[in-house]
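Taking it in order: structure first as structure tokens, then the write-up.
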Amino acid sequence: MVAESLAEWWHESARDLPWRFGRATPWGVLVSEVMSQQTQMSRVVPYWQAWMERWPDAAALADASKADVITAWGRLGYPRRALRLQECARMVADDYHDDLPRTYDELVALPGIGDYTASAVMSFAYGERIAVIDTNIRRVLSRVFLGAESRGGAASPAERALANRVLPEDSAARCRGFDRPSVVWNQSVMELGAVICTAKSPLCEQCPVAAECMFLANGRPGLGERRTRPHQRFRGTDRQVRGLVLNALRGLPDGRIAIDRKDIEALWSDHIQLDKCIASLDDDGLIEMLPDGSVRLPC
DNA sequence: ATCCGGTTAC
DNA sequence: GTAACAGGAT
């Protein structure tokens, strides 16, 4: 019943994202999922389109320079994702003849691909029946079927069991991959969590499964009371400083490659923290430290 | 349990 | 100002 309501809602009002409805290759779907890790879809769309035009497949991305990859990642955030995506592309190109593997175990073994992304590719790119578990799906399933908010931290065994229990069967083999019930279920539950069943202020009056939702029936207990993740500040942290350094390097005009020590020091007054961040960026392979104290993007 | 960006929405 | 965001690696 919930599945039918959601499927109808999905076909009426799913956002027309460019990698949906069979318009992207499996590699393109994987790129969209990696870009979407902790980043809103609306911000991902233009980056994904430019990225796929420039590097249409894993082999193309594998041949790019690190500096180009980091620069093209732009302000999507968490730039280590960009390097891991290129490492992933190299493994796909070298070890799988540029053909993305089709099993969960092979996908989850790739750099930057965890449980969520591997499951999402299996479902959305290959049409396989598999429970996809992300923050949206955890919140929606917990609300609709348990009548309570999901807890922070990693997905619990109980949440995984619930996701597997309510995942529809794909009995109609005639359906095309992305029209299979399990795939529509995964996509529509996630979409509902993104646009209707949001964390802070869910739009229950617009919800297609409001009549069957235990959370709404219970009077939405503890709404917005418990975060899905531990709170992380940003201002003044290493993440902000790392971002300042990388942004300065990304913004260099053509022809200029490095930033000298004096200009680096102008980015952040606490030079102890600054040096710590430069060292960590170097460790991550996001920058290179030169003997004269200047820094540059890696080749 | 922590670290890792940057933007958006409230 | 702050929580939240299609997570992953350590």
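Identifiers for the structure tokens are assigned positionally: chains receive A, B, ... in sequence, residues are indexed from 1 per chain, and ligands are indexed from 1 in the order shown.
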Which residues of chain C come within 7 Å of chain A, and for each one, what is the closest pair of atoms and their distance in Å to one decimal, counting only C-alpha atoms (C1' of nucleotides), sorted by chain and residue number, as a tab-separated table?
```
residue	atom	partner	partner_atom	distance
C:DC5	C1'	A:Gln38	CA	5.1
C:DA6	C1'	A:Ser36	CA	5.5
C:DG7	C1'	A:Gln37	CA	5.0
C:DG8	C1'	A:Gly114	CA	6.0
```
With the cut-off set at 7 Å and counting only C-alpha atoms (C1' of nucleotides), tabulate each residue of chain B with an atom at most that distance from an atom of chain A, showing the nearest atom pair and its distance in Å to one decimal, ordered by chain and increasing number, as JSON lines.
```
{"residue": "B:DC4", "atom": "C1'", "partner": "A:Tyr78", "partner_atom": "CA", "distance": 5.9}
{"residue": "B:DG5", "atom": "C1'", "partner": "A:Gly77", "partner_atom": "CA", "distance": 3.7}
{"residue": "B:DG6", "atom": "C1'", "partner": "A:Gly77", "partner_atom": "CA", "distance": 5.3}
```
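Residue neighbourhood of Ala59 in chain A, excluding near-sequence residues (fewer than 4 positions): A:Asp63, A:Ala89, A:Arg90, A:Val92, A:Ala93, A:Asp98, at 8 Å, using only C-alpha atoms (C1' of nucleotides).
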Just to be explicit: take each residue in the selection above, keep N, CA, C and O atoms, and write the result as a PDB file, in the first residue's frame.
```
ATOM      1  N   ASP A  63      42.959   9.376 -16.935  1.00  0.00           N
ATOM      2  CA  ASP A  63      44.066  10.034 -17.631  1.00  0.00           C
ATOM      3  C   ASP A  63      44.215  11.508 -17.279  1.00  0.00           C
ATOM      4  O   ASP A  63      45.170  12.150 -17.710  1.00  0.00           O
ATOM      5  N   ALA A  89      38.378   5.459 -10.764  1.00  0.00           N
ATOM      6  CA  ALA A  89      38.375   5.413 -12.234  1.00  0.00           C
ATOM      7  C   ALA A  89      39.575   4.620 -12.757  1.00  0.00           C
ATOM      8  O   ALA A  89      39.461   3.857 -13.715  1.00  0.00           O
ATOM      9  N   ARG A  90      40.714   4.787 -12.103  1.00  0.00           N
ATOM     10  CA  ARG A  90      41.907   4.060 -12.545  1.00  0.00           C
ATOM     11  C   ARG A  90      41.737   2.565 -12.338  1.00  0.00           C
ATOM     12  O   ARG A  90      42.143   1.757 -13.164  1.00  0.00           O
ATOM     13  N   VAL A  92      38.865   0.953 -12.274  1.00  0.00           N
ATOM     14  CA  VAL A  92      37.878   0.470 -13.243  1.00  0.00           C
ATOM     15  C   VAL A  92      38.525   0.349 -14.621  1.00  0.00           C
ATOM     16  O   VAL A  92      38.328  -0.642 -15.336  1.00  0.00           O
ATOM     17  N   ALA A  93      39.319   1.343 -14.992  1.00  0.00           N
ATOM     18  CA  ALA A  93      39.957   1.323 -16.308  1.00  0.00           C
ATOM     19  C   ALA A  93      40.982   0.198 -16.409  1.00  0.00           C
ATOM     20  O   ALA A  93      41.021  -0.534 -17.408  1.00  0.00           O
ATOM     21  N   ASP A  98      37.633  -0.768 -18.182  1.00  0.00           N
ATOM     22  CA  ASP A  98      36.742   0.398 -18.285  1.00  0.00           C
ATOM     23  C   ASP A  98      35.267   0.012 -18.242  1.00  0.00           C
ATOM     24  O   ASP A  98      34.420   0.740 -18.746  1.00  0.00           O
TER      25      ASP A  98
END
```
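Residues in contact range of range 249-264 of chain A, defined as at most 7 Å between only C-alpha atoms (C1' of nucleotides), with sequence neighbours fewer than 3 positions away removed, read A:Thr71, A:Val245, A:Leu246, A:Leu267, A:Gly293, A:Ser294, A:Val295, A:Arg296, A:Leu297.
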For those residues, write N, CA and C atoms to a file as a PDB file, in the first residue's frame.
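Here's the written file out.pdb:
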```
ATOM      1  N   THR A  71      40.541  20.915  -9.392  1.00  0.00           N
ATOM      2  CA  THR A  71      39.962  22.195  -9.813  1.00  0.00           C
ATOM      3  C   THR A  71      38.528  22.018 -10.316  1.00  0.00           C
ATOM      4  N   VAL A 245      43.065  27.170   1.764  1.00  0.00           N
ATOM      5  CA  VAL A 245      44.295  26.890   1.011  1.00  0.00           C
ATOM      6  C   VAL A 245      43.958  26.327  -0.359  1.00  0.00           C
ATOM      7  N   LEU A 246      43.066  25.334  -0.383  1.00  0.00           N
ATOM      8  CA  LEU A 246      42.720  24.724  -1.672  1.00  0.00           C
ATOM      9  C   LEU A 246      42.025  25.720  -2.588  1.00  0.00           C
ATOM     10  N   LEU A 267      46.771  33.733   4.388  1.00  0.00           N
ATOM     11  CA  LEU A 267      45.446  33.121   4.349  1.00  0.00           C
ATOM     12  C   LEU A 267      44.861  32.897   5.735  1.00  0.00           C
ATOM     13  N   GLY A 293      59.045  26.256   0.488  1.00  0.00           N
ATOM     14  CA  GLY A 293      57.937  26.648   1.331  1.00  0.00           C
ATOM     15  C   GLY A 293      56.664  26.966   0.574  1.00  0.00           C
ATOM     16  N   SER A 294      56.721  26.984  -0.735  1.00  0.00           N
ATOM     17  CA  SER A 294      55.506  27.224  -1.515  1.00  0.00           C
ATOM     18  C   SER A 294      54.717  25.924  -1.655  1.00  0.00           C
ATOM     19  N   VAL A 295      53.476  26.046  -2.045  1.00  0.00           N
ATOM     20  CA  VAL A 295      52.624  24.870  -2.258  1.00  0.00           C
ATOM     21  C   VAL A 295      51.974  24.963  -3.629  1.00  0.00           C
ATOM     22  N   ARG A 296      51.612  23.804  -4.155  1.00  0.00           N
ATOM     23  CA  ARG A 296      50.962  23.739  -5.466  1.00  0.00           C
ATOM     24  C   ARG A 296      50.026  22.542  -5.523  1.00  0.00           C
ATOM     25  N   LEU A 297      49.137  22.540  -6.516  1.00  0.00           N
ATOM     26  CA  LEU A 297      48.296  21.367  -6.736  1.00  0.00           C
ATOM     27  C   LEU A 297      49.150  20.257  -7.349  1.00  0.00           C
TER      28      LEU A 297
END
```
Selection near Val2 in chain A, 10 Å with only C-alpha atoms (C1' of nucleotides), sequence-local residues under 3 positions removed, as JSON, numbers by chain: {"A": [5, 6, 7, 144, 145, 166, 185, 189, 208, 209, 210, 211, 212, 213]}
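Counting only C-alpha atoms (C1' of nucleotides), the residue from A:Leu290, A:Ser280, A:Glu225, A:Val45 that sits nearest to DA3 in chain C is A:Glu225.
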